[in-house]
file my_file-v1.tsv (TSV, C-alpha atoms)
chain	number	residue	atom	x	y	z
A	1	MET	CA	-17.10	7.01	-11.67
A	2	LYS	CA	-17.20	10.40	-13.28
A	3	ALA	CA	-14.90	10.87	-16.27
A	4	GLU	CA	-13.07	13.81	-14.71
A	5	CYS	CA	-11.81	11.54	-11.94
A	6	ARG	CA	-9.81	9.55	-14.50
A	7	PRO	CA	-8.08	12.14	-16.67
A	8	LYS	CA	-6.54	11.37	-20.02
A	9	SER	CA	-2.76	11.20	-20.01
A	10	GLU	CA	-0.81	13.80	-21.91
A	11	ILE	CA	2.09	11.44	-22.49
A	12	GLY	CA	0.71	9.96	-25.70
A	13	GLN	CA	1.60	6.41	-24.63
A	14	GLU	CA	-0.19	3.64	-26.50
A	15	ASN	CA	-1.03	1.55	-23.47
A	16	ASN	CA	-2.03	-1.55	-25.45
A	17	GLN	CA	1.63	-1.83	-26.50
A	18	VAL	CA	3.05	-1.77	-22.95
A	19	SER	CA	5.46	-4.62	-22.29
A	20	SER	CA	7.64	-3.25	-19.50
A	21	PHE	CA	7.51	-1.25	-16.30
A	22	VAL	CA	8.67	2.30	-17.06
A	23	HIS	CA	9.83	4.56	-14.21
A	24	GLY	CA	12.20	7.02	-15.85
A	25	ALA	CA	14.84	8.88	-13.86
A	26	ILE	CA	14.29	9.07	-10.10
A	27	GLU	CA	13.09	12.68	-10.41
A	28	ASP	CA	10.43	11.76	-13.00
A	29	PHE	CA	6.71	11.33	-12.44
A	30	THR	CA	5.77	8.77	-15.10
A	31	GLN	CA	2.06	8.09	-15.40
A	32	TRP	CA	0.78	4.57	-16.02
A	33	LEU	CA	-2.39	4.14	-18.09
A	34	ASP	CA	-5.16	1.55	-18.12
A	35	ILE	CA	-6.22	-0.08	-21.39
A	36	ASP	CA	-8.68	2.75	-22.04
A	37	GLY	CA	-5.91	5.34	-21.88
A	38	HIS	CA	-6.84	6.76	-18.47
A	39	VAL	CA	-4.32	7.40	-15.71
A	40	ILE	CA	-4.28	4.59	-13.14
A	41	ASN	CA	-5.29	6.17	-9.82
A	42	ALA	CA	-4.77	3.52	-7.10
A	43	SER	CA	-2.66	5.11	-4.40
A	44	ASP	CA	-0.73	3.14	-1.78
A	45	GLY	CA	-2.69	-0.04	-2.41
A	46	GLY	CA	-1.71	-3.59	-3.22
A	47	ILE	CA	-2.16	-6.63	-5.42
A	48	ILE	CA	-4.26	-9.73	-4.81
A	49	TYR	CA	-4.30	-12.66	-7.24
A	50	ALA	CA	-7.79	-14.15	-7.54
A	51	GLU	CA	-9.82	-15.98	-10.19
A	52	GLY	CA	-6.82	-16.26	-12.49
A	53	ARG	CA	-6.05	-12.53	-12.55
A	54	TYR	CA	-4.11	-9.92	-10.68
A	55	HIS	CA	-6.27	-7.29	-9.01
A	56	TRP	CA	-4.60	-3.97	-8.24
A	57	TYR	CA	-6.47	-1.74	-5.82
A	58	GLY	CA	-5.83	1.55	-4.05
A	59	GLN	CA	-7.37	4.78	-2.89
A	60	ALA	CA	-8.43	7.08	-5.73
A	61	LEU	CA	-6.76	10.37	-4.92
A	62	ARG	CA	-8.71	13.57	-5.15
A	63	PRO	CA	-8.81	15.81	-8.23
A	64	LEU	CA	-8.48	19.45	-7.14
A	65	PRO	CA	-9.14	22.80	-8.79
A	66	SER	CA	-6.33	24.48	-10.69
A	67	GLY	CA	-3.97	26.30	-8.34
A	68	ALA	CA	-4.79	24.18	-5.28
A	69	GLN	CA	-1.24	22.72	-5.39
A	70	GLY	CA	-2.25	19.33	-4.08
A	71	ARG	CA	-3.53	20.43	-0.67
A	72	GLY	CA	-6.21	17.94	0.28
A	73	GLY	CA	-5.42	15.75	-2.72
A	74	GLN	CA	-4.30	12.93	-0.43
A	75	SER	CA	-7.94	12.42	0.59
A	76	THR	CA	-10.64	10.90	-1.58
A	77	THR	CA	-14.16	11.74	-2.70
A	78	ILE	CA	-14.41	8.43	-4.56
A	79	GLY	CA	-13.07	5.58	-2.41
A	80	VAL	CA	-11.04	2.46	-3.15
A	81	VAL	CA	-10.88	1.45	-6.80
A	82	MET	CA	-9.66	-1.71	-8.53
A	83	TYR	CA	-8.03	-2.77	-11.81
A	84	GLU	CA	-7.44	-6.28	-13.20
A	85	SER	CA	-4.70	-7.78	-15.36
A	86	GLU	CA	-3.54	-11.15	-16.62
A	87	ASP	CA	0.06	-10.08	-17.29
A	88	LEU	CA	0.80	-7.12	-14.92
A	89	TYR	CA	1.27	-4.79	-17.91
A	90	HIS	CA	-2.27	-4.23	-19.20
A	91	TRP	CA	-4.83	-3.07	-16.64
A	92	ARG	CA	-8.59	-2.94	-17.04
A	93	TYR	CA	-10.54	-0.63	-14.72
A	94	GLU	CA	-13.05	-2.61	-12.60
A	95	GLY	CA	-14.61	0.27	-10.71
A	96	VAL	CA	-15.09	1.44	-7.13
A	97	VAL	CA	-15.05	-1.42	-4.62
A	98	LEU	CA	-15.37	0.65	-1.42
A	99	ALA	CA	-17.16	3.94	-1.92
A	100	CYS	CA	-17.31	7.03	0.23
A	101	SER	CA	-20.25	9.43	0.07
A	102	GLU	CA	-20.53	13.12	-0.75
A	103	THR	CA	-24.08	13.24	0.61
A	104	SER	CA	-24.00	11.17	3.81
A	105	ASP	CA	-23.02	12.53	7.23
A	106	GLY	CA	-21.95	9.04	8.35
A	107	PRO	CA	-18.44	7.58	8.76
A	108	LEU	CA	-17.86	7.47	4.98
A	109	ARG	CA	-18.61	11.15	4.38
A	110	ALA	CA	-16.24	12.60	1.76
A	111	PRO	CA	-13.61	13.89	1.60
A	112	MET	CA	-12.01	11.27	3.84
A	113	ARG	CA	-9.34	8.56	3.62
A	114	PHE	CA	-9.21	4.80	3.14
A	115	GLU	CA	-5.44	5.17	3.23
A	116	ARG	CA	-3.14	2.23	2.37
A	117	PRO	CA	-5.97	-0.30	1.81
A	118	LYS	CA	-4.99	-3.97	1.77
A	119	ILE	CA	-7.14	-7.01	0.88
A	120	LEU	CA	-6.87	-10.62	2.07
A	121	TYR	CA	-8.92	-13.67	1.13
A	122	ASN	CA	-10.11	-15.82	4.03
A	123	GLU	CA	-10.48	-19.43	2.88
A	124	LYS	CA	-12.48	-20.41	5.97
A	125	THR	CA	-15.21	-17.82	5.46
A	126	GLY	CA	-14.95	-17.38	1.68
A	127	GLN	CA	-14.78	-13.63	2.12
A	128	TYR	CA	-12.42	-10.91	0.99
A	129	VAL	CA	-11.46	-8.60	3.85
A	130	LEU	CA	-10.12	-5.08	3.37
A	131	TRP	CA	-8.23	-3.23	6.11
A	132	CYS	CA	-7.09	0.38	5.85
A	133	HIS	CA	-5.94	3.43	7.78
A	134	TYR	CA	-9.24	5.21	8.26
A	135	VAL	CA	-9.46	9.01	8.57
A	136	GLY	CA	-12.95	10.46	8.63
A	137	TYR	CA	-14.23	13.73	7.20
A	138	PRO	CA	-12.55	16.02	6.17
A	139	GLY	CA	-9.62	13.59	5.82
A	140	ASP	CA	-7.13	15.28	8.16
A	141	HIS	CA	-5.03	13.41	10.73
A	142	GLY	CA	-5.87	14.20	14.31
A	143	PHE	CA	-6.12	12.77	17.80
A	144	ALA	CA	-9.89	12.51	18.22
A	145	PRO	CA	-11.75	9.27	17.42
A	146	GLY	CA	-12.24	8.91	13.67
A	147	THR	CA	-8.96	10.58	12.72
A	148	GLY	CA	-6.58	7.63	13.07
A	149	GLU	CA	-8.21	4.20	13.17
A	150	ALA	CA	-7.99	0.77	11.58
A	151	GLY	CA	-10.97	0.41	9.25
A	152	VAL	CA	-12.40	-2.86	7.93
A	153	ALA	CA	-14.76	-3.84	5.10
A	154	VAL	CA	-15.82	-7.19	3.62
A	155	CYS	CA	-17.12	-8.66	0.36
A	156	ASP	CA	-17.93	-12.07	-1.14
A	157	ARG	CA	-16.21	-11.14	-4.42
A	158	VAL	CA	-12.77	-9.68	-4.89
A	159	ASN	CA	-14.08	-6.96	-7.20
A	160	GLY	CA	-17.53	-6.54	-5.67
A	161	SER	CA	-18.95	-3.78	-3.51
A	162	TYR	CA	-17.37	-4.01	-0.05
A	163	THR	CA	-19.51	-3.49	3.05
A	164	TRP	CA	-18.04	-1.14	5.66
A	165	LEU	CA	-17.99	-2.79	9.10
A	166	GLY	CA	-16.46	0.01	11.13
A	167	SER	CA	-13.19	1.10	12.69
A	168	LEU	CA	-11.16	0.56	15.86
A	169	ARG	CA	-7.85	1.28	17.55
A	170	PRO	CA	-5.75	-1.88	17.96
A	171	VAL	CA	-3.93	-2.77	21.19
A	172	ASP	CA	-5.57	-0.01	23.28
A	173	GLY	CA	-7.38	3.30	23.00
A	174	ASP	CA	-4.14	5.25	23.39
A	175	GLY	CA	-2.72	3.89	20.15
A	176	MET	CA	-3.75	5.79	17.04
A	177	VAL	CA	-3.28	4.15	13.65
A	178	ARG	CA	-1.13	5.73	10.97
A	179	ASP	CA	0.35	3.89	7.93
A	180	CYS	CA	-0.69	0.23	7.93
A	181	THR	CA	-0.57	-3.02	6.00
A	182	VAL	CA	-1.69	-6.64	6.41
A	183	TYR	CA	0.15	-9.92	5.97
A	184	GLN	CA	-1.22	-13.44	5.45
A	185	ASP	CA	1.07	-16.19	6.72
A	186	ARG	CA	1.54	-19.62	5.20
A	187	ASP	CA	-0.78	-21.26	7.77
A	188	GLY	CA	-3.64	-18.92	6.88
A	189	SER	CA	-3.27	-16.67	9.93
A	190	ALA	CA	-3.24	-12.95	9.23
A	191	TYR	CA	-1.67	-9.88	10.83
A	192	PHE	CA	-2.28	-6.14	10.91
A	193	ILE	CA	0.92	-4.07	10.96
A	194	PHE	CA	0.78	-0.38	11.72
A	195	ASP	CA	2.63	2.72	12.84
A	196	ARG	CA	1.17	3.24	16.32
A	197	GLN	CA	1.21	6.83	17.56
A	198	SER	CA	0.58	7.30	21.26
A	199	LEU	CA	-2.22	9.72	22.11
A	200	SER	CA	-0.62	10.53	25.46
A	201	ASP	CA	2.89	10.88	23.96
A	202	PRO	CA	2.59	11.73	20.22
A	203	GLU	CA	6.36	11.51	19.66
A	204	ASN	CA	6.24	7.86	20.74
A	205	ARG	CA	5.68	6.09	17.43
A	206	CYS	CA	6.70	2.53	16.62
A	207	LEU	CA	5.59	-0.29	14.33
A	208	TYR	CA	3.30	-2.89	15.93
A	209	ILE	CA	2.14	-6.23	14.57
A	210	VAL	CA	-1.23	-7.58	15.76
A	211	LYS	CA	-2.69	-10.98	14.97
A	212	LEU	CA	-6.15	-10.85	13.39
A	213	SER	CA	-9.06	-13.07	14.42
A	214	ASP	CA	-9.70	-16.27	12.46
A	215	ASP	CA	-12.25	-14.48	10.28
A	216	TYR	CA	-9.86	-11.50	9.82
A	217	LEU	CA	-12.62	-9.08	10.89
A	218	THR	CA	-11.15	-7.90	14.19
A	219	MET	CA	-7.98	-7.93	16.30
A	220	THR	CA	-6.85	-10.45	18.89
A	221	GLY	CA	-4.87	-9.69	22.02
A	222	GLU	CA	-1.69	-11.15	20.47
A	223	TYR	CA	0.68	-8.41	19.37
A	224	ARG	CA	4.26	-7.20	19.47
A	225	ARG	CA	5.91	-3.81	19.45
A	226	ILE	CA	8.77	-4.05	16.94
A	227	GLU	CA	11.35	-2.14	18.96
A	228	PRO	CA	13.99	-1.69	16.21
A	229	ALA	CA	11.29	-0.11	13.99
A	230	TYR	CA	10.91	2.96	16.19
A	231	ARG	CA	9.52	5.96	14.28
A	232	ARG	CA	9.10	3.93	11.09
A	233	GLU	CA	6.05	3.56	8.83
A	234	ALA	CA	4.86	2.26	5.42
A	235	ALA	CA	5.71	-1.38	6.09
A	236	SER	CA	5.76	-4.05	3.36
A	237	VAL	CA	6.29	-7.71	4.33
A	238	VAL	CA	7.51	-10.79	2.48
A	239	TYR	CA	8.61	-14.31	3.49
A	240	HIS	CA	11.52	-16.14	1.89
A	241	ASP	CA	13.66	-19.13	2.88
A	242	GLY	CA	12.95	-19.12	6.60
A	243	TYR	CA	12.82	-15.36	7.17
A	244	TYR	CA	10.17	-12.66	7.17
A	245	TYR	CA	11.40	-9.33	5.82
A	246	MET	CA	9.83	-5.93	6.41
A	247	VAL	CA	10.71	-2.85	4.32
A	248	THR	CA	9.85	0.49	5.94
A	249	SER	CA	10.04	4.26	5.60
A	250	GLY	CA	11.03	7.01	8.00
A	251	LEU	CA	8.62	9.63	9.36
A	252	THR	CA	9.02	12.65	7.07
A	253	SER	CA	5.41	13.08	5.97
A	254	TRP	CA	5.34	13.27	2.13
A	255	ARG	CA	9.09	13.98	1.84
A	256	PHE	CA	11.16	11.08	0.52
A	257	ASN	CA	13.57	9.42	2.97
A	258	GLN	CA	15.91	6.48	3.36
A	259	ALA	CA	14.38	3.00	3.57
A	260	ASN	CA	15.23	0.52	6.29
A	261	TYR	CA	14.35	-3.15	6.58
A	262	TYR	CA	14.11	-5.78	9.29
A	263	ARG	CA	13.99	-9.57	9.42
A	264	THR	CA	12.77	-12.26	11.78
A	265	LYS	CA	12.04	-15.99	11.88
A	266	GLU	CA	8.83	-15.44	13.87
A	267	LEU	CA	6.30	-12.71	13.08
A	268	LEU	CA	5.65	-12.09	16.77
A	269	GLY	CA	9.29	-12.66	17.68
A	270	GLU	CA	12.40	-10.49	17.76
A	271	TRP	CA	13.07	-8.41	14.65
A	272	GLU	CA	16.62	-7.59	13.52
A	273	ASP	CA	17.63	-4.25	11.99
A	274	MET	CA	19.19	-4.93	8.56
A	275	GLY	CA	19.76	-1.38	7.30
A	276	ASP	CA	18.93	0.15	3.94
A	277	PRO	CA	17.87	-2.40	1.26
A	278	CYS	CA	18.35	0.04	-1.64
A	279	VAL	CA	21.49	-0.55	-3.67
A	280	GLY	CA	22.98	2.52	-5.36
A	281	ASP	CA	20.51	4.94	-3.78
A	282	ASP	CA	22.94	7.85	-3.59
A	283	THR	CA	20.18	10.28	-2.63
A	284	LYS	CA	19.10	8.06	0.30
A	285	THR	CA	15.45	8.63	-0.62
A	286	THR	CA	14.32	5.08	-1.52
A	287	PHE	CA	14.74	6.19	-5.15
A	288	HIS	CA	12.37	9.12	-4.48
A	289	SER	CA	9.53	6.80	-3.42
A	290	GLN	CA	7.91	5.16	-0.41
A	291	SER	CA	7.23	1.46	0.18
A	292	THR	CA	3.66	0.23	-0.38
A	293	PHE	CA	3.42	-3.57	-0.80
A	294	ILE	CA	5.27	-6.72	-1.90
A	295	PHE	CA	3.56	-9.39	-4.02
A	296	LYS	CA	4.53	-12.62	-5.74
A	297	VAL	CA	4.65	-13.11	-9.52
A	298	GLU	CA	2.30	-16.04	-10.07
A	299	GLY	CA	3.89	-19.17	-11.52
A	300	SER	CA	7.35	-18.31	-10.20
A	301	ALA	CA	9.18	-19.96	-7.34
A	302	ASP	CA	10.42	-16.86	-5.57
A	303	HIS	CA	9.97	-13.82	-7.79
A	304	TYR	CA	8.49	-10.91	-5.85
A	305	ILE	CA	7.85	-7.29	-6.79
A	306	HIS	CA	8.22	-4.42	-4.35
A	307	MET	CA	5.59	-1.75	-4.97
A	308	ALA	CA	6.36	1.85	-4.03
A	309	GLU	CA	4.85	5.21	-4.83
A	310	ARG	CA	6.51	8.46	-5.87
A	311	HIS	CA	4.17	10.98	-4.25
A	312	ASN	CA	3.70	14.27	-6.06
A	313	THR	CA	2.45	16.69	-3.42
A	314	GLU	CA	1.94	19.45	-5.99
A	315	ASN	CA	-0.58	17.28	-7.80
A	316	PHE	CA	-1.52	13.95	-6.25
A	317	LEU	CA	-3.06	12.82	-9.54
A	318	ASN	CA	0.45	12.90	-11.00
A	319	CYS	CA	2.04	10.47	-8.55
A	320	SER	CA	3.82	7.50	-10.11
A	321	TYR	CA	4.32	3.84	-9.30
A	322	ILE	CA	7.75	2.31	-8.77
A	323	TRP	CA	7.78	-1.49	-9.05
A	324	LEU	CA	11.17	-3.18	-8.54
A	325	PRO	CA	12.29	-6.83	-8.38
A	326	VAL	CA	13.07	-8.08	-4.88
A	327	GLU	CA	16.51	-9.73	-4.71
A	328	PHE	CA	17.17	-12.23	-1.92
A	329	GLY	CA	20.80	-12.91	-1.03
A	330	ALA	CA	22.28	-16.25	-0.02
A	331	ASP	CA	23.10	-14.60	3.31
A	332	HIS	CA	19.38	-13.96	3.94
A	333	THR	CA	19.44	-10.34	2.91
A	334	LEU	CA	17.06	-8.34	0.74
A	335	ARG	CA	18.04	-5.85	-1.95
A	336	LEU	CA	16.26	-3.37	-4.23
A	337	ARG	CA	17.98	-1.91	-7.30
A	338	TYR	CA	16.52	0.91	-9.34
A	339	ARG	CA	15.56	0.25	-12.97
A	340	LYS	CA	14.41	3.05	-15.24
A	341	GLU	CA	12.62	0.34	-17.21
A	342	TRP	CA	12.45	-3.44	-16.88
A	343	LYS	CA	10.56	-6.55	-17.95
A	344	LEU	CA	9.45	-9.58	-16.01
A	345	GLU	CA	11.62	-11.94	-18.03
A	346	ASP	CA	14.84	-10.17	-17.08
A	347	GLY	CA	13.89	-8.48	-13.82
A	348	TRP	CA	15.82	-10.77	-11.50
A	349	SER	CA	19.07	-10.75	-13.47
A	350	ARG	CA	21.38	-8.08	-12.12
A	351	THR	CA	22.03	-5.30	-14.62

call {"tool": "encode", "arguments": {"input": "my_file-v1.tsv", "output": "structure tokens"}}
result
Amino acid sequence: MKAECRPKSEIGQENNQVSSFVHGAIEDFTQWLDIDGHVINASDGGIIYAEGRYHWYGQALRPLPSGAQGRGGQSTTIGVVMYESEDLYHWRYEGVVLACSETSDGPLRAPMRFERPKILYNEKTGQYVLWCHYVGYPGDHGFAPGTGEAGVAVCDRVNGSYTWLGSLRPVDGDGMVRDCTVYQDRDGSAYFIFDRQSLSDPENRCLYIVKLSDDYLTMTGEYRRIEPAYRREAASVVYHDGYYYMVTSGLTSWRFNQANYYRTKELLGEWEDMGDPCVGDDTKTTFHSQSTFIFKVEGSADHYIHMAERHNTENFLNCSYIWLPVEFGADHTLRLRYRKEWKLEDGWSRT
């Protein structure tokens, strides 16, 4: 990748001394750096633990000329990038794992979007499968084919070069894909979860969950419309003590809004509306961020981190990452509490 795509931070942080997750006040945009001192640029991605390391991946947002004020910065001219870490604090840049092209006229022509990419490992096939919300050139949402699909790519190595397999619209041709995620269940089955916008009735938007094929490369006919999650997006899913939980965002484009979560005992069963999981969120803005992913801290019994992103629409390269401990209540509830700064060793003690 070109150096200008990974600008030096102006914060002066010595990243090799990082030992906590620093967010600052909820109005702050605090940059996180890799071990080379470059700003981590992995938007709306996730974490996969493989080969003894955490791998953090996301779409590399687009650097724009001075004065552009972020317009178009939510698209990419690079693709999906990846970082690796042994401790979640120190991240080494691994490179581009799914590249778009500035020269090709094909489906990966830049600028475009591999928005909200998520990676699963399929033990049966030995392959890593990446699903995303695909928006073709020039990266603007629309209603025509190629402006709101589920895109899929595959690789034999977690940090290798992924092969693009194509895109589709789950459920039926009337259902465009907006924000999406994937979830791998305990039995190895996997699911694609997305905000489905109806082509014939664009105001009709609801979260759907669709079971993936055994090889994770396409959709099956098994799905459910999650009725309580009407006009919700940005889902993140976790399982704990008999329940699946799903944290979501409202539909306000890039403007922050109040989170809401749901729970169920069966992924394709009835989901229950549980309200706002954010404790002390007086602004009702999910602490000025939007849900992205939930992952487990390796070696722990039930320690999970909720990943969110504080989008900076004036300059998408100055977004920031908000990682908070997930608290599970004895009454089968889920809570998120804001921390300006916290460490793994004390993250699940209430402060």

call {"tool": "closest_residue", "arguments": {"input": "my_file-v1.tsv", "among": "A:Phe114, A:Tyr83, A:Phe143, A:Phe29", "to": "Pro202 (chain A)", "atoms": "all atoms listed in the file"}}
result
A:Phe143

call {"tool": "closest_residue", "arguments": {"input": "my_file-v1.tsv", "among": "A:Thr292, A:Ser104, A:Thr125, A:Ser85", "to": "His311 (chain A)", "atoms": "only C-alpha atoms"}}
result
A:Thr292

call {"tool": "atom_distance", "arguments": {"input": "my_file-v1.tsv", "atom1": "CA of Tyr137 (chain A)", "atom2": "CA of Val154 (chain A)"}}
result
21.3 Å

call {"tool": "closest_residue", "arguments": {"input": "my_file-v1.tsv", "among": "A:Leu130, A:Met112, A:Leu61, A:Leu317", "to": "Thr218 (chain A)", "atoms": "only C-alpha atoms"}}
result
A:Leu130

call {"tool": "atom_distance", "arguments": {"input": "my_file-v1.tsv", "atom1": "CA of Leu267 (chain A)", "atom2": "CA of Thr181 (chain A)"}}
result
13.8 Å

call {"tool": "closest_residue", "arguments": {"input": "my_file-v1.tsv", "among": "A:Gly275, A:Leu168, A:Glu327, A:Leu98", "to": "Ala153 (chain A)", "atoms": "all atoms listed in the file"}}
result
A:Leu98

call {"tool": "residues_around", "arguments": {"input": "my_file-v1.tsv", "residues": "Gly136 (chain A)", "least_positions_apart": "4", "cutoff": "9 Å", "atoms": "only C-alpha atoms", "output": "PyMOL selection string"}}
result
chain A and resi 107-114+140-141+145-148

call {"tool": "closest_residue", "arguments": {"input": "my_file-v1.tsv", "among": "A:Asp34, A:Asp187, A:Glu345, A:Glu94", "to": "His55 (chain A)", "atoms": "all atoms listed in the file"}}
result
A:Glu94

call {"tool": "atom_distance", "arguments": {"input": "my_file-v1.tsv", "atom1": "CA of Gly52 (chain A)", "atom2": "CA of Leu217 (chain A)"}}
result
25.1 Å

call {"tool": "closest_residue", "arguments": {"input": "my_file-v1.tsv", "among": "A:Gly79, A:Arg157, A:Lys118, A:Ser19", "to": "Gly139 (chain A)", "atoms": "all atoms listed in the file"}}
result
A:Gly79

call {"tool": "residues_around", "arguments": {"input": "my_file-v1.tsv", "residues": "Thr248 (chain A)", "least_positions_apart": "2", "cutoff": "12 Å", "atoms": "only C-alpha atoms", "output": "JSON, numbers by chain"}}
result
{"A": [179, 180, 181, 193, 194, 195, 206, 207, 226, 228, 229, 230, 231, 232, 233, 234, 235, 236, 237, 245, 246, 250, 251, 256, 257, 258, 259, 260, 261, 262, 263, 273, 274, 275, 276, 277, 278, 285, 286, 289, 290, 291, 292, 293, 294, 306, 307, 308]}

call {"tool": "residues_around", "arguments": {"input": "my_file-v1.tsv", "residues": "Leu268 (chain A)", "least_positions_apart": "5", "cutoff": "9 Å", "atoms": "all atoms listed in the file", "output": "ChimeraX atom specification"}}
result
/A:209-211,222-226

call {"tool": "write_last_selection", "arguments": {"input": "my_file-v1.tsv", "atoms": "C-alpha atoms", "output": "CSV table (one decimal), keeping the file's coordinate frame"}}
result
chain,number,residue,atom,x,y,z
A,209,ILE,CA,2.1,-6.2,14.6
A,210,VAL,CA,-1.2,-7.6,15.8
A,211,LYS,CA,-2.7,-11.0,15.0
A,222,GLU,CA,-1.7,-11.2,20.5
A,223,TYR,CA,0.7,-8.4,19.4
A,224,ARG,CA,4.3,-7.2,19.5
A,225,ARG,CA,5.9,-3.8,19.4
A,226,ILE,CA,8.8,-4.0,16.9

call {"tool": "build_atoms", "arguments": {"input": "my_file-v1.tsv", "residues": "region 112-127 of chain A", "atoms": "N, CA and C atoms", "output": "mmCIF file, keeping the file's coordinate frame"}}
result
data_model
loop_
_atom_site.group_PDB
_atom_site.id
_atom_site.type_symbol
_atom_site.label_atom_id
_atom_site.label_comp_id
_atom_site.auth_asym_id
_atom_site.auth_seq_id
_atom_site.Cartn_x
_atom_site.Cartn_y
_atom_site.Cartn_z
ATOM 1 N N MET A 112 -12.511 12.046 2.722
ATOM 2 C CA MET A 112 -12.010 11.270 3.840
ATOM 3 C C MET A 112 -10.891 10.387 3.296
ATOM 4 N N ARG A 113 -10.425 9.435 4.094
ATOM 5 C CA ARG A 113 -9.340 8.560 3.620
ATOM 6 C C ARG A 113 -9.606 7.097 3.968
ATOM 7 N N PHE A 114 -9.433 6.241 2.955
ATOM 8 C CA PHE A 114 -9.210 4.800 3.140
ATOM 9 C C PHE A 114 -7.728 4.586 2.801
ATOM 10 N N GLU A 115 -6.849 5.117 3.605
ATOM 11 C CA GLU A 115 -5.440 5.170 3.230
ATOM 12 C C GLU A 115 -4.780 3.793 3.356
ATOM 13 N N ARG A 116 -3.892 3.490 2.405
ATOM 14 C CA ARG A 116 -3.140 2.230 2.370
ATOM 15 C C ARG A 116 -4.049 1.000 2.524
ATOM 16 N N PRO A 117 -5.083 0.871 1.707
ATOM 17 C CA PRO A 117 -5.970 -0.300 1.810
ATOM 18 C C PRO A 117 -5.232 -1.574 1.412
ATOM 19 N N LYS A 118 -5.571 -2.666 2.086
ATOM 20 C CA LYS A 118 -4.990 -3.970 1.770
ATOM 21 C C LYS A 118 -6.077 -5.036 1.892
ATOM 22 N N ILE A 119 -6.093 -5.991 0.949
ATOM 23 C CA ILE A 119 -7.140 -7.010 0.880
ATOM 24 C C ILE A 119 -6.553 -8.400 1.054
ATOM 25 N N LEU A 120 -7.218 -9.216 1.878
ATOM 26 C CA LEU A 120 -6.870 -10.620 2.070
ATOM 27 C C LEU A 120 -8.089 -11.486 1.767
ATOM 28 N N TYR A 121 -7.838 -12.707 1.312
ATOM 29 C CA TYR A 121 -8.920 -13.670 1.130
ATOM 30 C C TYR A 121 -8.887 -14.677 2.270
ATOM 31 N N ASN A 122 -10.023 -14.870 2.939
ATOM 32 C CA ASN A 122 -10.110 -15.820 4.030
ATOM 33 C C ASN A 122 -10.755 -17.101 3.517
ATOM 34 N N GLU A 123 -9.970 -18.169 3.432
ATOM 35 C CA GLU A 123 -10.480 -19.430 2.880
ATOM 36 C C GLU A 123 -11.555 -20.048 3.768
ATOM 37 N N LYS A 124 -11.498 -19.819 5.064
ATOM 38 C CA LYS A 124 -12.480 -20.410 5.970
ATOM 39 C C LYS A 124 -13.862 -19.806 5.786
ATOM 40 N N THR A 125 -13.914 -18.509 5.573
ATOM 41 C CA THR A 125 -15.210 -17.820 5.460
ATOM 42 C C THR A 125 -15.615 -17.564 4.015
ATOM 43 N N GLY A 126 -14.661 -17.675 3.080
ATOM 44 C CA GLY A 126 -14.950 -17.380 1.680
ATOM 45 C C GLY A 126 -15.148 -15.909 1.411
ATOM 46 N N GLN A 127 -14.612 -15.064 2.275
ATOM 47 C CA GLN A 127 -14.780 -13.630 2.120
ATOM 48 C C GLN A 127 -13.453 -12.923 1.889
#
